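Colleague: Okay, here's the structure, questions in a sec.
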Amino acid sequence: MSARMAAVVLRRFGGPGALRVEQVDEPRCPRGASLVDVSLAGVNFDDLEHRRGAEPGLPLPAVLGVEVVGRRRRDGRRVVALLRRGGGYARVAAAVDAHCVPVPDDLDDAQAVALFEQGATAYGALRLAGRLRAGESVAVTSAAGGVGHLAVQLAVAMGAKPVVGIASTAAKRAVVAELGADVVLAPEQVGELRAVTGGRGADLVVDGTGGDQARAALRGLAPFGRLVSYGWRGGAAGCGWVDVGTEELVDGSVGVAGFWMRHVVDDRALLTGIADALFDLARAGALTARIDRVVPLAGVGAAHAAFAARQTVGKVLVDVREVG
Ligand SMILES: NC(=O)c1ccc[n+]([C@@H]2O[C@H](COP(=O)([O-])OP(=O)(O)OC[C@H]3O[C@@H](n4cnc5c(N)ncnc54)[C@H](OP(=O)(O)O)[C@@H]3O)[C@@H](O)[C@H]2O)c1
């Protein structure tokens with residue numbers, strides 16, 4: 001008989017109230033995977049999409065949560081893991097070995113898991129898709145978000161100048177300035193991108209919401225500038241994918257690129273290389289994930305609601321050892 005564990009279970013698609021703590025069987029461990037005794041799980045925007053049924057094909061009942069940190073049972077190693085099939089909001093997760101990365105002893109669990117998926121997204125958008133070079137100017141939309149607040153710090157660490165952070169409230173903008181942004185703007189000020197970069201325009205824009213901000217940011221790119229899109233807010237006013245024509249790209253000598261973590265996760269050398277780079281920066285004091293809140297399993301629904309209401313700044317974590 002399988003051992004039992006506490007987990008947050010989704011039995012029907014819906015609002016945050018659809019998430020319930022239950023006792024369920026520990027997951028089976030497929031070939032090429034290991035069981036991980038989880039300490040903390042991360043909350044990601046994708047979890048909200050899965051919860052409300054926006055991603056077709058998710059079989060129910062389901063345990064959501066795509067990233068965890070904990071101890072691998074097989075060898076006792078502390079690892080962070082990305083879980084493509086979910087299962088993170090639980091005391092035990094089955095993690096594909098190729099998607100696990102060892103955590104250095106001097107990095108705590110909260111930092112490790114908060115840096116992994118969102119840090120790699122920020123890194124990939126800046127470096128892989130954005131081809132950022134030291135001395136270039138960078139603008140980051142949603143700069144107080146889970147990805148955005150790491151992108152600001154990474155841009156600074158990579159030598160970008162100036163780094164412009166865009167966020168919706170004064171409180172968020174104060175945090176973005178503390179993170180090292182040279183200039184902070186409200187979303188309705190994105191049209192000033194050219195002015196705040198000395199009239200040249202931004203060399204790189206890293207964007208996670210699309211819509212109005214991305215449109216305005218495109219107009220604020222310098223010649224040979226790039227806009228990297230890594231996310232969108234489906235159905236939200238002023239957000240969503242942006243249609244771009246090649247004519248406007250030629251007009252401005254600008255480019256648009258996309259970034260999706262899947263292509264990092266599928267490349268073991270890339271995944272471990274980026275994780276190690278992030279962990280090294282964190283250990284050197286150049287990158288710190290801001291932990292917005294840590295909730296018990298019973299608090300995941302409320303955390304989803306806060307996330308959707310734009311109330312979180314930085315990373316939201318679930319302590320799966322606490323039921324609530
Ligand atoms: N491409 C990839 O591989 C990848 C990986 C991870 C995440 N993502 C995507 O990246 C995006 C950001 O993820 P995240 O983890 O950084 O999320 P987050 O912590 O919730 O931050 C997102 C930010 O979006 C802004 N926003 C603008 N309009 C919004 C709206 N209507 N509702 C909610 N937020 C709104 C908010 O900033 P302001 O209030 O300042 O506007 C919020 O801080 C998501 O779309 C996610 O799916 C993509």
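Labels for the structure tokens follow display order: chains A, B, ..., residues from 1 in each chain, ligands from 1.
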Using only C-alpha atoms, which residues sit within 10 Å of A:Val183 once same-chain residues fewer than 6 positions away are excluded, as a JSON list (two decimals) with N, CA, C and O atoms, in the first residue's frame?

Modeller:
[["chain", "number", "residue", "atom", "x", "y", "z"],
["A", 139, "ALA", "N", 14.96, 47.80, -20.55],
["A", 139, "ALA", "CA", 13.73, 48.12, -19.83],
["A", 139, "ALA", "C", 13.01, 46.82, -19.50],
["A", 139, "ALA", "O", 12.94, 45.92, -20.34],
["A", 162, "PRO", "N", 21.25, 52.51, -18.98],
["A", 162, "PRO", "CA", 20.54, 52.39, -17.71],
["A", 162, "PRO", "C", 19.60, 51.18, -17.72],
["A", 162, "PRO", "O", 19.23, 50.67, -18.78],
["A", 163, "VAL", "N", 19.19, 50.77, -16.51],
["A", 163, "VAL", "CA", 18.16, 49.76, -16.36],
["A", 163, "VAL", "C", 16.87, 50.47, -15.95],
["A", 163, "VAL", "O", 16.86, 51.20, -14.96],
["A", 164, "VAL", "N", 15.84, 50.28, -16.75],
["A", 164, "VAL", "CA", 14.56, 50.95, -16.52],
["A", 164, "VAL", "C", 13.56, 49.90, -16.04],
["A", 164, "VAL", "O", 13.37, 48.88, -16.71],
["A", 165, "GLY", "N", 12.94, 50.13, -14.89],
["A", 165, "GLY", "CA", 11.94, 49.20, -14.38],
["A", 165, "GLY", "C", 10.56, 49.83, -14.45],
["A", 165, "GLY", "O", 10.40, 51.01, -14.12],
["A", 166, "ILE", "N", 9.58, 49.06, -14.90],
["A", 166, "ILE", "CA", 8.21, 49.57, -15.05],
["A", 166, "ILE", "C", 7.30, 48.77, -14.12],
["A", 166, "ILE", "O", 7.30, 47.53, -14.16],
["A", 173, "ARG", "N", 7.15, 50.42, -7.39],
["A", 173, "ARG", "CA", 8.26, 51.17, -8.01],
["A", 173, "ARG", "C", 9.37, 51.44, -6.99],
["A", 173, "ARG", "O", 10.55, 51.43, -7.33],
["A", 176, "VAL", "N", 11.39, 48.36, -6.91],
["A", 176, "VAL", "CA", 12.19, 48.22, -8.14],
["A", 176, "VAL", "C", 13.43, 49.13, -8.08],
["A", 176, "VAL", "O", 14.52, 48.74, -8.49],
["A", 177, "ALA", "N", 13.26, 50.31, -7.51],
["A", 177, "ALA", "CA", 14.42, 51.21, -7.35],
["A", 177, "ALA", "C", 15.42, 50.59, -6.39],
["A", 177, "ALA", "O", 16.64, 50.62, -6.64],
["A", 193, "LEU", "N", 10.23, 56.03, -22.78],
["A", 193, "LEU", "CA", 11.43, 55.18, -22.82],
["A", 193, "LEU", "C", 12.58, 55.83, -23.59],
["A", 193, "LEU", "O", 13.75, 55.78, -23.19],
["A", 196, "VAL", "N", 14.12, 58.69, -21.42],
["A", 196, "VAL", "CA", 14.93, 58.29, -20.26],
["A", 196, "VAL", "C", 16.17, 57.50, -20.66],
["A", 196, "VAL", "O", 16.99, 57.14, -19.81],
["A", 197, "THR", "N", 16.32, 57.23, -21.95],
["A", 197, "THR", "CA", 17.56, 56.58, -22.42],
["A", 197, "THR", "C", 18.36, 57.57, -23.28],
["A", 197, "THR", "O", 18.97, 57.19, -24.28]]

Colleague: Give the residues close to ligand 1, within 6 Å, counting only C-alpha atoms and all ligand atoms; write them as a list in words.

Modeller: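 Going residue by residue within 6 Å of ligand 1, we get Asn44, Phe45, Asp46, Gln118, Thr121, Ser142, Ala144, Gly145, Gly146, Val147, Gly148, Ala167, Ser168, Gly208, Thr209, Tyr230, Gly231, Trp232, Arg233, Ala236, Phe259, Trp260, Met261, Phe307, Ala308, Ala309, Arg310 and Gly314 of chain A.
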
Colleague: Any chance you could export the current selection's N, CA and C atoms as a PDB file, in the first residue's frame?

Modeller:
ATOM      1  N   ASN A  44       3.367  29.789  -9.564  1.00  0.00           N
ATOM      2  CA  ASN A  44       3.628  30.434 -10.853  1.00  0.00           C
ATOM      3  C   ASN A  44       2.323  30.804 -11.522  1.00  0.00           C
ATOM      4  N   PHE A  45       2.402  31.755 -12.430  1.00  0.00           N
ATOM      5  CA  PHE A  45       1.204  32.206 -13.123  1.00  0.00           C
ATOM      6  C   PHE A  45       0.523  31.053 -13.862  1.00  0.00           C
ATOM      7  N   ASP A  46       1.313  30.127 -14.383  1.00  0.00           N
ATOM      8  CA  ASP A  46       0.754  28.969 -15.087  1.00  0.00           C
ATOM      9  C   ASP A  46      -0.175  28.149 -14.195  1.00  0.00           C
ATOM     10  N   GLN A 118      11.820  31.248 -12.369  1.00  0.00           N
ATOM     11  CA  GLN A 118      11.654  32.652 -12.771  1.00  0.00           C
ATOM     12  C   GLN A 118      13.009  33.309 -13.064  1.00  0.00           C
ATOM     13  N   THR A 121      14.033  32.160 -16.442  1.00  0.00           N
ATOM     14  CA  THR A 121      13.249  32.876 -17.459  1.00  0.00           C
ATOM     15  C   THR A 121      13.837  34.265 -17.687  1.00  0.00           C
ATOM     16  N   SER A 142       6.624  44.915 -15.795  1.00  0.00           N
ATOM     17  CA  SER A 142       6.244  44.093 -14.618  1.00  0.00           C
ATOM     18  C   SER A 142       7.472  43.852 -13.738  1.00  0.00           C
ATOM     19  N   ALA A 144       8.303  44.383 -10.788  1.00  0.00           N
ATOM     20  CA  ALA A 144       8.212  43.915  -9.399  1.00  0.00           C
ATOM     21  C   ALA A 144       7.680  42.486  -9.332  1.00  0.00           C
ATOM     22  N   GLY A 145       7.432  41.860 -10.479  1.00  0.00           N
ATOM     23  CA  GLY A 145       6.879  40.505 -10.513  1.00  0.00           C
ATOM     24  C   GLY A 145       7.947  39.461 -10.227  1.00  0.00           C
ATOM     25  N   GLY A 146       7.500  38.204 -10.181  1.00  0.00           N
ATOM     26  CA  GLY A 146       8.420  37.112  -9.871  1.00  0.00           C
ATOM     27  C   GLY A 146       9.575  37.034 -10.851  1.00  0.00           C
ATOM     28  N   VAL A 147       9.294  37.150 -12.142  1.00  0.00           N
ATOM     29  CA  VAL A 147      10.359  37.165 -13.156  1.00  0.00           C
ATOM     30  C   VAL A 147      10.999  38.546 -13.205  1.00  0.00           C
ATOM     31  N   GLY A 148      10.149  39.585 -13.221  1.00  0.00           N
ATOM     32  CA  GLY A 148      10.635  40.945 -13.442  1.00  0.00           C
ATOM     33  C   GLY A 148      11.655  41.403 -12.411  1.00  0.00           C
ATOM     34  N   ALA A 167       6.540  49.467 -13.279  1.00  0.00           N
ATOM     35  CA  ALA A 167       5.644  48.769 -12.343  1.00  0.00           C
ATOM     36  C   ALA A 167       4.454  49.668 -12.037  1.00  0.00           C
ATOM     37  N   SER A 168       3.338  49.026 -11.617  1.00  0.00           N
ATOM     38  CA  SER A 168       2.055  49.731 -11.619  1.00  0.00           C
ATOM     39  C   SER A 168       1.768  50.607 -10.406  1.00  0.00           C
ATOM     40  N   GLY A 208       6.704  40.743 -19.958  1.00  0.00           N
ATOM     41  CA  GLY A 208       5.944  39.569 -19.519  1.00  0.00           C
ATOM     42  C   GLY A 208       4.442  39.737 -19.562  1.00  0.00           C
ATOM     43  N   THR A 209       3.940  40.848 -20.075  1.00  0.00           N
ATOM     44  CA  THR A 209       2.485  41.034 -20.091  1.00  0.00           C
ATOM     45  C   THR A 209       1.917  41.269 -21.487  1.00  0.00           C
ATOM     46  N   TYR A 230       8.136  37.153 -23.027  1.00  0.00           N
ATOM     47  CA  TYR A 230       8.177  35.838 -22.369  1.00  0.00           C
ATOM     48  C   TYR A 230       6.839  35.484 -21.726  1.00  0.00           C
ATOM     49  N   GLY A 231       5.849  36.367 -21.803  1.00  0.00           N
ATOM     50  CA  GLY A 231       4.585  36.033 -21.161  1.00  0.00           C
ATOM     51  C   GLY A 231       3.487  36.987 -21.554  1.00  0.00           C
ATOM     52  N   TRP A 232       2.312  36.672 -21.089  1.00  0.00           N
ATOM     53  CA  TRP A 232       1.157  37.492 -21.397  1.00  0.00           C
ATOM     54  C   TRP A 232       0.122  37.278 -20.312  1.00  0.00           C
ATOM     55  N   ARG A 233      -0.851  38.132 -20.256  1.00  0.00           N
ATOM     56  CA  ARG A 233      -1.946  37.996 -19.302  1.00  0.00           C
ATOM     57  C   ARG A 233      -3.220  37.791 -20.084  1.00  0.00           C
ATOM     58  N   ALA A 236      -6.882  39.794 -19.639  1.00  0.00           N
ATOM     59  CA  ALA A 236      -6.808  40.997 -18.815  1.00  0.00           C
ATOM     60  C   ALA A 236      -6.767  42.231 -19.713  1.00  0.00           C
ATOM     61  N   PHE A 259      10.741  33.992 -25.689  1.00  0.00           N
ATOM     62  CA  PHE A 259      11.506  33.070 -24.850  1.00  0.00           C
ATOM     63  C   PHE A 259      10.551  32.175 -24.094  1.00  0.00           C
ATOM     64  N   TRP A 260      10.814  30.868 -24.122  1.00  0.00           N
ATOM     65  CA  TRP A 260      10.006  29.894 -23.383  1.00  0.00           C
ATOM     66  C   TRP A 260      10.942  28.928 -22.672  1.00  0.00           C
ATOM     67  N   MET A 261      10.715  28.778 -21.375  1.00  0.00           N
ATOM     68  CA  MET A 261      11.570  27.924 -20.542  1.00  0.00           C
ATOM     69  C   MET A 261      11.664  26.486 -21.049  1.00  0.00           C
ATOM     70  N   PHE A 307      -2.074  36.787  -6.165  1.00  0.00           N
ATOM     71  CA  PHE A 307      -1.294  36.795  -7.407  1.00  0.00           C
ATOM     72  C   PHE A 307      -2.109  37.430  -8.531  1.00  0.00           C
ATOM     73  N   ALA A 308      -3.354  36.946  -8.665  1.00  0.00           N
ATOM     74  CA  ALA A 308      -4.221  37.442  -9.747  1.00  0.00           C
ATOM     75  C   ALA A 308      -4.577  38.908  -9.548  1.00  0.00           C
ATOM     76  N   ALA A 309      -4.620  39.348  -8.283  1.00  0.00           N
ATOM     77  CA  ALA A 309      -4.993  40.737  -7.978  1.00  0.00           C
ATOM     78  C   ALA A 309      -3.786  41.681  -8.022  1.00  0.00           C
ATOM     79  N   ARG A 310      -2.669  41.181  -8.482  1.00  0.00           N
ATOM     80  CA  ARG A 310      -1.426  41.982  -8.618  1.00  0.00           C
ATOM     81  C   ARG A 310      -0.918  42.483  -7.278  1.00  0.00           C
ATOM     82  N   GLY A 314       7.500  40.064  -6.043  1.00  0.00           N
ATOM     83  CA  GLY A 314       8.510  39.009  -5.928  1.00  0.00           C
ATOM     84  C   GLY A 314       7.852  37.641  -5.920  1.00  0.00           C
TER      85      GLY A 314
END

Colleague: Would you list the contacts of A:Val68 as a list in words, taking every protein, DNA or RNA residue within 9 Å and counting only C-alpha atoms, but skipping same-chain residues closer than 3 positions in sequence?

Modeller: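 The neighbour list is Val36, Val38, Ser39, Leu40, Ala41, Gly42, Gly65, Val79, Val80, Ala81, Leu82, Leu83, Gly88, Tyr89, Ala93 and Val113 of chain A.
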
Colleague: Can I get the selection written as a PDB file, in the first residue's frame, with N, CA, C and O atoms?

Modeller:
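Final file, selection24.pdb:
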ATOM      1  N   VAL A  36      11.074  13.239  -4.351  1.00  0.00           N
ATOM      2  CA  VAL A  36      11.693  14.338  -3.605  1.00  0.00           C
ATOM      3  C   VAL A  36      10.803  14.655  -2.406  1.00  0.00           C
ATOM      4  O   VAL A  36       9.589  14.853  -2.563  1.00  0.00           O
ATOM      5  N   VAL A  38       9.601  17.247  -0.425  1.00  0.00           N
ATOM      6  CA  VAL A  38       9.554  18.683  -0.731  1.00  0.00           C
ATOM      7  C   VAL A  38       9.512  19.504   0.563  1.00  0.00           C
ATOM      8  O   VAL A  38       8.845  19.120   1.525  1.00  0.00           O
ATOM      9  N   SER A  39      10.226  20.613   0.576  1.00  0.00           N
ATOM     10  CA  SER A  39      10.053  21.580   1.673  1.00  0.00           C
ATOM     11  C   SER A  39       9.207  22.754   1.167  1.00  0.00           C
ATOM     12  O   SER A  39       8.191  23.095   1.757  1.00  0.00           O
ATOM     13  N   LEU A  40       9.619  23.352   0.052  1.00  0.00           N
ATOM     14  CA  LEU A  40       8.900  24.520  -0.475  1.00  0.00           C
ATOM     15  C   LEU A  40       8.548  24.298  -1.951  1.00  0.00           C
ATOM     16  O   LEU A  40       9.343  23.735  -2.704  1.00  0.00           O
ATOM     17  N   ALA A  41       7.386  24.787  -2.320  1.00  0.00           N
ATOM     18  CA  ALA A  41       6.978  24.795  -3.731  1.00  0.00           C
ATOM     19  C   ALA A  41       6.769  26.243  -4.141  1.00  0.00           C
ATOM     20  O   ALA A  41       6.400  27.081  -3.317  1.00  0.00           O
ATOM     21  N   GLY A  42       6.994  26.547  -5.411  1.00  0.00           N
ATOM     22  CA  GLY A  42       6.762  27.900  -5.912  1.00  0.00           C
ATOM     23  C   GLY A  42       5.384  28.010  -6.535  1.00  0.00           C
ATOM     24  O   GLY A  42       4.847  27.032  -7.056  1.00  0.00           O
ATOM     25  N   GLY A  65       1.431  22.887  -9.412  1.00  0.00           N
ATOM     26  CA  GLY A  65       2.738  23.275  -8.865  1.00  0.00           C
ATOM     27  C   GLY A  65       3.865  22.706  -9.698  1.00  0.00           C
ATOM     28  O   GLY A  65       4.027  21.485  -9.780  1.00  0.00           O
ATOM     29  N   VAL A  79      17.821  19.310  -3.856  1.00  0.00           N
ATOM     30  CA  VAL A  79      17.696  19.670  -5.269  1.00  0.00           C
ATOM     31  C   VAL A  79      16.522  20.631  -5.476  1.00  0.00           C
ATOM     32  O   VAL A  79      15.565  20.635  -4.703  1.00  0.00           O
ATOM     33  N   VAL A  80      16.628  21.435  -6.532  1.00  0.00           N
ATOM     34  CA  VAL A  80      15.447  22.120  -7.065  1.00  0.00           C
ATOM     35  C   VAL A  80      15.011  21.321  -8.289  1.00  0.00           C
ATOM     36  O   VAL A  80      15.843  20.743  -8.993  1.00  0.00           O
ATOM     37  N   ALA A  81      13.700  21.297  -8.524  1.00  0.00           N
ATOM     38  CA  ALA A  81      13.191  20.501  -9.646  1.00  0.00           C
ATOM     39  C   ALA A  81      12.065  21.234 -10.333  1.00  0.00           C
ATOM     40  O   ALA A  81      11.235  21.875  -9.682  1.00  0.00           O
ATOM     41  N   LEU A  82      12.056  21.143 -11.653  1.00  0.00           N
ATOM     42  CA  LEU A  82      10.928  21.648 -12.439  1.00  0.00           C
ATOM     43  C   LEU A  82      10.057  20.448 -12.806  1.00  0.00           C
ATOM     44  O   LEU A  82      10.568  19.424 -13.265  1.00  0.00           O
ATOM     45  N   LEU A  83       8.762  20.582 -12.563  1.00  0.00           N
ATOM     46  CA  LEU A  83       7.826  19.463 -12.732  1.00  0.00           C
ATOM     47  C   LEU A  83       6.891  19.794 -13.876  1.00  0.00           C
ATOM     48  O   LEU A  83       5.921  20.528 -13.703  1.00  0.00           O
ATOM     49  N   GLY A  88       3.621  19.751  -7.535  1.00  0.00           N
ATOM     50  CA  GLY A  88       4.505  20.442  -6.590  1.00  0.00           C
ATOM     51  C   GLY A  88       3.864  20.823  -5.268  1.00  0.00           C
ATOM     52  O   GLY A  88       4.554  20.912  -4.256  1.00  0.00           O
ATOM     53  N   TYR A  89       2.548  21.051  -5.265  1.00  0.00           N
ATOM     54  CA  TYR A  89       1.894  21.474  -4.014  1.00  0.00           C
ATOM     55  C   TYR A  89       1.630  20.241  -3.151  1.00  0.00           C
ATOM     56  O   TYR A  89       0.490  19.907  -2.815  1.00  0.00           O
ATOM     57  N   ALA A  93       7.096  14.814  -4.245  1.00  0.00           N
ATOM     58  CA  ALA A  93       6.894  14.992  -5.685  1.00  0.00           C
ATOM     59  C   ALA A  93       7.785  14.005  -6.431  1.00  0.00           C
ATOM     60  O   ALA A  93       8.872  13.656  -5.963  1.00  0.00           O
ATOM     61  N   VAL A 113      14.592  27.891  -4.755  1.00  0.00           N
ATOM     62  CA  VAL A 113      13.399  27.627  -5.579  1.00  0.00           C
ATOM     63  C   VAL A 113      12.875  28.911  -6.206  1.00  0.00           C
ATOM     64  O   VAL A 113      12.371  28.907  -7.332  1.00  0.00           O
TER      65      VAL A 113
END

Colleague: For stretch 246-258 of chain A, work out the shell of residues within 7 Å, counting only C-alpha atoms and skipping chain neighbours fewer than 5 positions away, then give it as a count of residues only.

Modeller: 10

Colleague: Nearest to A:Leu179 among A:Cys29, A:Ala6, A:Leu287, A:Ala122, with distances taken over only C-alpha atoms: which residue is it?

Modeller: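 The closest residue to A:Leu179 is A:Leu287.
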
Colleague: If we count only C-alpha atoms, what is near A:Arg215 at a cut-off of 12 Å, once residues fewer than 5 positions away on the same chain are taken out, given as a PyMOL selection string?

Modeller: chain A and resi 141+187-188+190-191+205+207+209-210+220-221+227+229+238-245+248+256

Colleague: Output the selection as a short mmCIF file (atom, residue, chain, number, x, y, z; two decimals), in the first residue's frame - C-alpha atoms for each residue.

Modeller:
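Listing of out34.cif after writing:
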data_model
loop_
_atom_site.label_atom_id
_atom_site.label_comp_id
_atom_site.auth_asym_id
_atom_site.auth_seq_id
_atom_site.Cartn_x
_atom_site.Cartn_y
_atom_site.Cartn_z
CA THR A 141 8.01 45.60 -17.67
CA PRO A 187 3.02 51.57 -17.18
CA GLU A 188 1.40 54.68 -18.67
CA VAL A 190 6.37 53.63 -21.22
CA GLY A 191 6.15 56.24 -23.98
CA VAL A 205 12.93 45.42 -23.57
CA ASP A 207 8.23 41.97 -21.39
CA THR A 209 2.48 41.03 -20.09
CA GLY A 210 2.21 42.07 -23.75
CA GLY A 220 10.73 53.14 -27.65
CA LEU A 221 13.37 50.76 -29.00
CA LEU A 227 11.88 43.30 -27.53
CA SER A 229 8.31 38.58 -24.98
CA GLY A 238 -4.46 46.06 -21.80
CA CYS A 239 -2.57 42.72 -21.88
CA GLY A 240 -2.22 39.89 -24.41
CA TRP A 241 -0.17 38.91 -27.43
CA VAL A 242 0.84 41.74 -29.77
CA ASP A 243 0.66 41.45 -33.56
CA VAL A 244 3.81 42.87 -35.11
CA GLY A 245 4.37 43.40 -38.82
CA GLU A 248 7.43 48.22 -38.58
CA VAL A 256 11.08 40.91 -31.61
#

Colleague: Skip A:Leu154 itself and residues of its chain fewer than 6 positions away, then list as JSON, numbers by chain all residues within 9 Å of it, counting only C-alpha atoms.

Modeller: {"A": [119, 122, 123, 126, 160, 278, 281, 286, 287]}

Colleague: Let me see the file: selected residues, all heavy atoms, as a PDB file, in the first residue's frame.

Modeller:
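Dumped to out-v5.pdb:
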ATOM      1  N   GLY A 119      14.030  32.904 -12.329  1.00  0.00           N
ATOM      2  CA  GLY A 119      15.370  33.433 -12.602  1.00  0.00           C
ATOM      3  C   GLY A 119      15.869  32.965 -13.957  1.00  0.00           C
ATOM      4  O   GLY A 119      16.454  33.738 -14.732  1.00  0.00           O
ATOM      5  N   ALA A 122      14.143  34.949 -16.591  1.00  0.00           N
ATOM      6  CA  ALA A 122      14.732  36.289 -16.714  1.00  0.00           C
ATOM      7  C   ALA A 122      16.082  36.213 -17.429  1.00  0.00           C
ATOM      8  O   ALA A 122      16.383  37.003 -18.334  1.00  0.00           O
ATOM      9  CB  ALA A 122      14.887  36.914 -15.326  1.00  0.00           C
ATOM     10  N   TYR A 123      16.886  35.238 -17.035  1.00  0.00           N
ATOM     11  CA  TYR A 123      18.220  35.066 -17.630  1.00  0.00           C
ATOM     12  C   TYR A 123      18.091  34.758 -19.126  1.00  0.00           C
ATOM     13  O   TYR A 123      18.789  35.336 -19.967  1.00  0.00           O
ATOM     14  CB  TYR A 123      18.941  33.930 -16.903  1.00  0.00           C
ATOM     15  CG  TYR A 123      20.386  33.743 -17.283  1.00  0.00           C
ATOM     16  CD1 TYR A 123      21.402  34.223 -16.464  1.00  0.00           C
ATOM     17  CD2 TYR A 123      20.754  33.085 -18.456  1.00  0.00           C
ATOM     18  CE1 TYR A 123      22.742  34.051 -16.796  1.00  0.00           C
ATOM     19  CE2 TYR A 123      22.079  32.911 -18.808  1.00  0.00           C
ATOM     20  CZ  TYR A 123      23.065  33.393 -17.974  1.00  0.00           C
ATOM     21  OH  TYR A 123      24.381  33.224 -18.316  1.00  0.00           O
ATOM     22  N   LEU A 126      16.959  37.794 -21.140  1.00  0.00           N
ATOM     23  CA  LEU A 126      18.009  38.810 -21.296  1.00  0.00           C
ATOM     24  C   LEU A 126      19.151  38.321 -22.182  1.00  0.00           C
ATOM     25  O   LEU A 126      19.591  39.014 -23.103  1.00  0.00           O
ATOM     26  CB  LEU A 126      18.582  39.175 -19.919  1.00  0.00           C
ATOM     27  CG  LEU A 126      17.681  39.991 -18.989  1.00  0.00           C
ATOM     28  CD1 LEU A 126      18.175  39.898 -17.550  1.00  0.00           C
ATOM     29  CD2 LEU A 126      17.638  41.460 -19.440  1.00  0.00           C
ATOM     30  N   ALA A 160      24.164  46.211 -17.771  1.00  0.00           N
ATOM     31  CA  ALA A 160      23.266  47.082 -18.551  1.00  0.00           C
ATOM     32  C   ALA A 160      23.223  48.475 -17.924  1.00  0.00           C
ATOM     33  O   ALA A 160      23.324  48.636 -16.719  1.00  0.00           O
ATOM     34  CB  ALA A 160      21.861  46.478 -18.582  1.00  0.00           C
ATOM     35  N   LEU A 278      22.930  31.468 -11.887  1.00  0.00           N
ATOM     36  CA  LEU A 278      22.031  32.172 -10.960  1.00  0.00           C
ATOM     37  C   LEU A 278      22.463  31.954  -9.515  1.00  0.00           C
ATOM     38  O   LEU A 278      22.524  32.906  -8.715  1.00  0.00           O
ATOM     39  CB  LEU A 278      20.591  31.675 -11.147  1.00  0.00           C
ATOM     40  CG  LEU A 278      19.930  31.976 -12.485  1.00  0.00           C
ATOM     41  CD1 LEU A 278      18.652  31.158 -12.661  1.00  0.00           C
ATOM     42  CD2 LEU A 278      19.620  33.470 -12.618  1.00  0.00           C
ATOM     43  N   LEU A 281      25.569  33.959  -8.698  1.00  0.00           N
ATOM     44  CA  LEU A 281      25.270  35.386  -8.490  1.00  0.00           C
ATOM     45  C   LEU A 281      24.621  35.601  -7.127  1.00  0.00           C
ATOM     46  O   LEU A 281      24.911  36.584  -6.433  1.00  0.00           O
ATOM     47  CB  LEU A 281      24.336  35.899  -9.595  1.00  0.00           C
ATOM     48  CG  LEU A 281      24.988  36.156 -10.957  1.00  0.00           C
ATOM     49  CD1 LEU A 281      23.929  36.335 -12.045  1.00  0.00           C
ATOM     50  CD2 LEU A 281      25.880  37.406 -10.887  1.00  0.00           C
ATOM     51  N   ALA A 286      24.822  39.327  -5.611  1.00  0.00           N
ATOM     52  CA  ALA A 286      24.366  40.163  -6.732  1.00  0.00           C
ATOM     53  C   ALA A 286      22.932  39.877  -7.142  1.00  0.00           C
ATOM     54  O   ALA A 286      22.388  40.567  -8.014  1.00  0.00           O
ATOM     55  CB  ALA A 286      25.301  39.952  -7.930  1.00  0.00           C
ATOM     56  N   LEU A 287      22.307  38.862  -6.557  1.00  0.00           N
ATOM     57  CA  LEU A 287      20.950  38.471  -6.953  1.00  0.00           C
ATOM     58  C   LEU A 287      20.242  37.905  -5.728  1.00  0.00           C
ATOM     59  O   LEU A 287      20.713  36.934  -5.131  1.00  0.00           O
ATOM     60  CB  LEU A 287      21.039  37.403  -8.058  1.00  0.00           C
ATOM     61  CG  LEU A 287      19.733  36.872  -8.631  1.00  0.00           C
ATOM     62  CD1 LEU A 287      18.983  37.968  -9.391  1.00  0.00           C
ATOM     63  CD2 LEU A 287      20.008  35.703  -9.576  1.00  0.00           C
TER      64      LEU A 287
END

Colleague: Pull the helix (DSSP H, G or I) assignments for stretch 56-181 of chain A out of DSSP run on the backbone, and list those residues as a ChimeraX atom specification.

Modeller: /A:97-99,109-129,148-157,170-178

Colleague: If we count only C-alpha atoms and set the cut-off at 6 Å, which residues sit around A:Arg71, ignoring sequence neighbours fewer than 2 positions away in its own chain? Please answer as JSON, numbers by chain.

Modeller: {"A": [36, 37, 76, 77, 78]}

Colleague: Among stretch 42-268 of chain A, which residues carry a DSSP assignment of strand (DSSP E), reported as an MDAnalysis selection string?

Modeller: chainID A and resid 42 67:72 78:82 92:96 100:102 138:140 163:166 183:185 202:207 221:229 255:258

Colleague: Would you mind reading off the distance between atom CA of A:Arg11 and atom CA of A:Leu58, one decimal, in Å?

Modeller: 11.0 Å

Colleague: What is the distance between atom CA of A:Val138 and atom CA of A:Ala216, in Å to one decimal?

Modeller: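 Going from atom CA of A:Val138 over to atom CA of A:Ala216, I get 14.6 Å.
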
Colleague: Could you tell me how far atom CA of A:Ala157 sits from atom CA of A:Arg200, in Å to one decimal place?

Modeller: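 Atom CA of A:Ala157 lies 22.0 Å from atom CA of A:Arg200.
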